[in-house]
Amino acid sequence: MMIYDINQDKKIPSDTSTFTETANDSGIKLLLRLQQTLDIETLIRYWADFLERDMGIDGFHYRHHEEAIDCHNGHLNRHEVAYTLKLDDRALGEIRFYRARPFSPLDSRRIENLLALLMHPLNNALLYRQALRLAHTDPLTGLCNRSDMDKQLLREISLANREQRPLSLLVADIDSFKVINDRYGHSNGDRILVCVANSLMKSLRDSDLVFRYGGEEFVIVLSGSDGCAAHHTAERLRLAIENLSLTLDDGRQVGTTISIGVSTLNPTDDRASLFNRADAALYQAKQAGRNRIVMLPNLSIREGQGTSH
């Protein structure tokens, strides 16, 4: 696979007549079109459509592993050229082009010149995508954050009410986390948070949503789960954390536990009441000795009740 780095002089062909073609009316129109979108899949398709018309490309495949992007279209024929894209040493992904007939050196130079039109719009689209992800992601654990939870929970409640299906909420808290931080240090506390977050994700279904609510507290939204199913899930999570062996910076192995409060959606619930009921149940679990699950009846909970753990 060739590396296309816009800063590498060796990628600018000595035959400048090929490069000049990218500055004609069609090239300018393509560039303007590329600058009209920040959606990466749309951007790549605009550019590949131009290549299909201009060079008879049969198909393409673009991937960016870190951003989990996999975009392809057309036929993957026997002849291909492939590029690793870089801009100022910043990786922009990999792209392959396919055609029934071989690619000549002139074809490759033409593609590389057209890649020059793609690089900056692609970089802008990737930066935009990363900014959106970071705005909704906890940087330590990689889980969605509290801001994203508020939006997702509203959506899940609306869907559950409209489709008349159950919905449950778990609020989980690492037990005695302040003691862990004081005894082992904040670096190890962060390590434990990451391990617990990873264990929670591995123990849940793909359809379940898990968020870092703040500090050592996590929220899990269980779509399609009634109270009984939610309690079983909570117990599975509790056991998974109880059996987890955590490695500290110095190689020592430690364990930890979580307490969990459970609530299920009732017809009068909104986002706050559903959460407050689970949070109050978590408070009771802490008061009862930790490393346990509590589920309160579907009664209304006053705003702010049971939020001190």
# chains A, B, ... in the order shown; residues from 1 in each chain; ligands from 1
>>> select_by_dssp(residues="range 115-241 of chain A", states="helix (DSSP H, G or I)", output="VMD selection string")
chain A and resid 115 to 135 146 to 163 177 to 184 186 to 202 227 to 241
>>> residues_around(residues="Asn73 in chain A", least_positions_apart="5", cutoff="8 Å", atoms="only C-alpha atoms", output="count of residues only")
3
>>> residues_around(residues="Leu170 in chain A", least_positions_apart="3", cutoff="8 Å", atoms="only C-alpha atoms", output="PDB file with N, CA, C and O atoms, in the first residue's frame")
ATOM      1  N   VAL A 219     -24.672   4.650  35.101  1.00  0.00           N
ATOM      2  CA  VAL A 219     -26.091   4.462  34.834  1.00  0.00           C
ATOM      3  C   VAL A 219     -26.231   3.505  33.660  1.00  0.00           C
ATOM      4  O   VAL A 219     -25.543   3.651  32.647  1.00  0.00           O
ATOM      5  N   ILE A 220     -27.128   2.513  33.818  1.00  0.00           N
ATOM      6  CA  ILE A 220     -27.372   1.531  32.760  1.00  0.00           C
ATOM      7  C   ILE A 220     -28.851   1.565  32.408  1.00  0.00           C
ATOM      8  O   ILE A 220     -29.710   1.466  33.297  1.00  0.00           O
ATOM      9  N   VAL A 221     -29.144   1.740  31.119  1.00  0.00           N
ATOM     10  CA  VAL A 221     -30.517   1.757  30.627  1.00  0.00           C
ATOM     11  C   VAL A 221     -30.783   0.415  29.944  1.00  0.00           C
ATOM     12  O   VAL A 221     -30.082   0.034  29.010  1.00  0.00           O
ATOM     13  N   LEU A 222     -31.813  -0.294  30.434  1.00  0.00           N
ATOM     14  CA  LEU A 222     -32.139  -1.639  29.944  1.00  0.00           C
ATOM     15  C   LEU A 222     -33.440  -1.594  29.155  1.00  0.00           C
ATOM     16  O   LEU A 222     -34.532  -1.663  29.728  1.00  0.00           O
ATOM     17  N   ALA A 230     -34.453  -6.868  35.011  1.00  0.00           N
ATOM     18  CA  ALA A 230     -33.492  -5.859  35.444  1.00  0.00           C
ATOM     19  C   ALA A 230     -32.749  -6.309  36.694  1.00  0.00           C
ATOM     20  O   ALA A 230     -31.541  -6.094  36.827  1.00  0.00           O
ATOM     21  N   ALA A 234     -28.800  -6.791  37.093  1.00  0.00           N
ATOM     22  CA  ALA A 234     -28.064  -6.128  38.172  1.00  0.00           C
ATOM     23  C   ALA A 234     -27.231  -7.132  38.971  1.00  0.00           C
ATOM     24  O   ALA A 234     -26.078  -6.857  39.319  1.00  0.00           O
ATOM     25  N   ILE A 260     -26.105  -1.335  43.652  1.00  0.00           N
ATOM     26  CA  ILE A 260     -26.954  -0.998  42.511  1.00  0.00           C
ATOM     27  C   ILE A 260     -28.378  -0.699  42.968  1.00  0.00           C
ATOM     28  O   ILE A 260     -28.966  -1.468  43.744  1.00  0.00           O
ATOM     29  N   GLY A 261     -28.923   0.396  42.466  1.00  0.00           N
ATOM     30  CA  GLY A 261     -30.336   0.699  42.634  1.00  0.00           C
ATOM     31  C   GLY A 261     -31.071   0.476  41.328  1.00  0.00           C
ATOM     32  O   GLY A 261     -30.549   0.787  40.255  1.00  0.00           O
ATOM     33  N   VAL A 262     -32.282  -0.076  41.412  1.00  0.00           N
ATOM     34  CA  VAL A 262     -33.049  -0.454  40.218  1.00  0.00           C
ATOM     35  C   VAL A 262     -34.396   0.247  40.232  1.00  0.00           C
ATOM     36  O   VAL A 262     -35.064   0.317  41.265  1.00  0.00           O
ATOM     37  N   SER A 263     -34.810   0.749  39.077  1.00  0.00           N
ATOM     38  CA  SER A 263     -36.171   1.264  38.923  1.00  0.00           C
ATOM     39  C   SER A 263     -36.720   0.821  37.576  1.00  0.00           C
ATOM     40  O   SER A 263     -35.960   0.574  36.639  1.00  0.00           O
ATOM     41  N   ALA A 278     -34.298   5.071  41.135  1.00  0.00           N
ATOM     42  CA  ALA A 278     -33.131   4.186  41.138  1.00  0.00           C
ATOM     43  C   ALA A 278     -32.041   4.730  42.053  1.00  0.00           C
ATOM     44  O   ALA A 278     -31.350   3.963  42.748  1.00  0.00           O
TER      45      ALA A 278
END
>>> closest_residue(among="A:Tyr128, A:Cys144, A:Thr264, A:Val81", to="Pro105 in chain A", atoms="only C-alpha atoms")
A:Val81
>>> closest_atom_pairs(of="range 101-176 of chain A", to="range 45-58 of chain A", cutoff="10 Å", atoms="only C-alpha atoms", output="JSON lines")
{"residue": "A:Arg101", "atom": "CA", "partner": "A:Gly56", "partner_atom": "CA", "distance": 9.4}
{"residue": "A:Phe103", "atom": "CA", "partner": "A:Ile57", "partner_atom": "CA", "distance": 9.8}
{"residue": "A:Asp107", "atom": "CA", "partner": "A:Met55", "partner_atom": "CA", "distance": 7.8}
{"residue": "A:Arg110", "atom": "CA", "partner": "A:Met55", "partner_atom": "CA", "distance": 8.7}
{"residue": "A:Ile111", "atom": "CA", "partner": "A:Leu51", "partner_atom": "CA", "distance": 7.9}
{"residue": "A:Leu114", "atom": "CA", "partner": "A:Leu51", "partner_atom": "CA", "distance": 8.3}
{"residue": "A:Leu115", "atom": "CA", "partner": "A:Trp47", "partner_atom": "CA", "distance": 8.8}
{"residue": "A:Leu117", "atom": "CA", "partner": "A:Trp47", "partner_atom": "CA", "distance": 8.8}
{"residue": "A:Leu118", "atom": "CA", "partner": "A:Trp47", "partner_atom": "CA", "distance": 7.2}
>>> residues_around(residues="Glu67 in chain A", least_positions_apart="4", cutoff="9 Å", atoms="only C-alpha atoms", output="ChimeraX atom specification")
/A:63,126,129-130
>>> atom_distance(atom1="CA of Glu156 in chain A", atom2="CA of Ala125 in chain A")
29.0 Å
>>> atom_distance(atom1="CA of Asp190 in chain A", atom2="CA of Thr141 in chain A")
8.6 Å
>>> atom_distance(atom1="CA of Lys151 in chain A", atom2="CA of Ala285 in chain A")
27.0 Å
>>> select_by_dssp(residues="range 40-273 of chain A", states="strand (DSSP E)", output="MDAnalysis selection string")
chainID A and resid 59:64 69:74 79:87 90:99 167:174 209:214 217:223 246:247 253:254 258:264
>>> residues_around(residues="Arg292 in chain A", least_positions_apart="5", cutoff="9 Å", atoms="only C-alpha atoms", output="number ranges by chain")
A: 235, 238, 257-261, 282, 285-286
>>> residues_around(residues="Ala240 in chain A", least_positions_apart="2", cutoff="8 Å", atoms="only C-alpha atoms", output="PDB file with N, CA, C and O atoms, in the first residue's frame")
ATOM      1  N   SER A 199     -15.783  -4.000  32.508  1.00  0.00           N
ATOM      2  CA  SER A 199     -16.515  -5.182  32.962  1.00  0.00           C
ATOM      3  C   SER A 199     -18.018  -5.005  32.797  1.00  0.00           C
ATOM      4  O   SER A 199     -18.726  -5.939  32.394  1.00  0.00           O
ATOM      5  N   LEU A 200     -18.517  -3.816  33.078  1.00  0.00           N
ATOM      6  CA  LEU A 200     -19.942  -3.542  32.890  1.00  0.00           C
ATOM      7  C   LEU A 200     -20.329  -3.705  31.424  1.00  0.00           C
ATOM      8  O   LEU A 200     -21.340  -4.350  31.107  1.00  0.00           O
ATOM      9  N   SER A 203     -20.554  -7.271  30.260  1.00  0.00           N
ATOM     10  CA  SER A 203     -21.611  -8.064  30.898  1.00  0.00           C
ATOM     11  C   SER A 203     -23.009  -7.689  30.426  1.00  0.00           C
ATOM     12  O   SER A 203     -23.992  -8.272  30.883  1.00  0.00           O
ATOM     13  N   ARG A 236     -26.070  -9.984  37.863  1.00  0.00           N
ATOM     14  CA  ARG A 236     -24.958 -10.413  37.013  1.00  0.00           C
ATOM     15  C   ARG A 236     -23.830  -9.383  37.037  1.00  0.00           C
ATOM     16  O   ARG A 236     -22.653  -9.744  37.109  1.00  0.00           O
ATOM     17  N   LEU A 237     -24.182  -8.101  37.001  1.00  0.00           N
ATOM     18  CA  LEU A 237     -23.168  -7.050  37.058  1.00  0.00           C
ATOM     19  C   LEU A 237     -22.473  -7.023  38.412  1.00  0.00           C
ATOM     20  O   LEU A 237     -21.242  -6.875  38.494  1.00  0.00           O
ATOM     21  N   ARG A 238     -23.258  -7.169  39.485  1.00  0.00           N
ATOM     22  CA  ARG A 238     -22.673  -7.161  40.837  1.00  0.00           C
ATOM     23  C   ARG A 238     -21.655  -8.284  40.994  1.00  0.00           C
ATOM     24  O   ARG A 238     -20.547  -8.069  41.503  1.00  0.00           O
ATOM     25  N   GLU A 242     -17.631  -8.134  41.661  1.00  0.00           N
ATOM     26  CA  GLU A 242     -17.143  -8.796  42.871  1.00  0.00           C
ATOM     27  C   GLU A 242     -16.027  -9.793  42.542  1.00  0.00           C
ATOM     28  O   GLU A 242     -15.090  -9.972  43.334  1.00  0.00           O
ATOM     29  N   ASN A 243     -16.117 -10.434  41.384  1.00  0.00           N
ATOM     30  CA  ASN A 243     -15.123 -11.433  40.986  1.00  0.00           C
ATOM     31  C   ASN A 243     -13.978 -10.847  40.164  1.00  0.00           C
ATOM     32  O   ASN A 243     -13.097 -11.587  39.704  1.00  0.00           O
ATOM     33  N   LEU A 244     -14.001  -9.525  39.999  1.00  0.00           N
ATOM     34  CA  LEU A 244     -12.991  -8.874  39.174  1.00  0.00           C
ATOM     35  C   LEU A 244     -11.698  -8.711  39.955  1.00  0.00           C
ATOM     36  O   LEU A 244     -11.699  -8.284  41.117  1.00  0.00           O
TER      37      LEU A 244
END
>>> closest_residue(among="A:Ala280, A:Leu122, A:Leu193, A:Leu159", to="Asp175 in chain A", atoms="only C-alpha atoms")
A:Leu193
>>> closest_residue(among="A:Gly224, A:Gly74, A:Gly185, A:Pro139", to="Leu209 in chain A", atoms="only C-alpha atoms")
A:Gly224
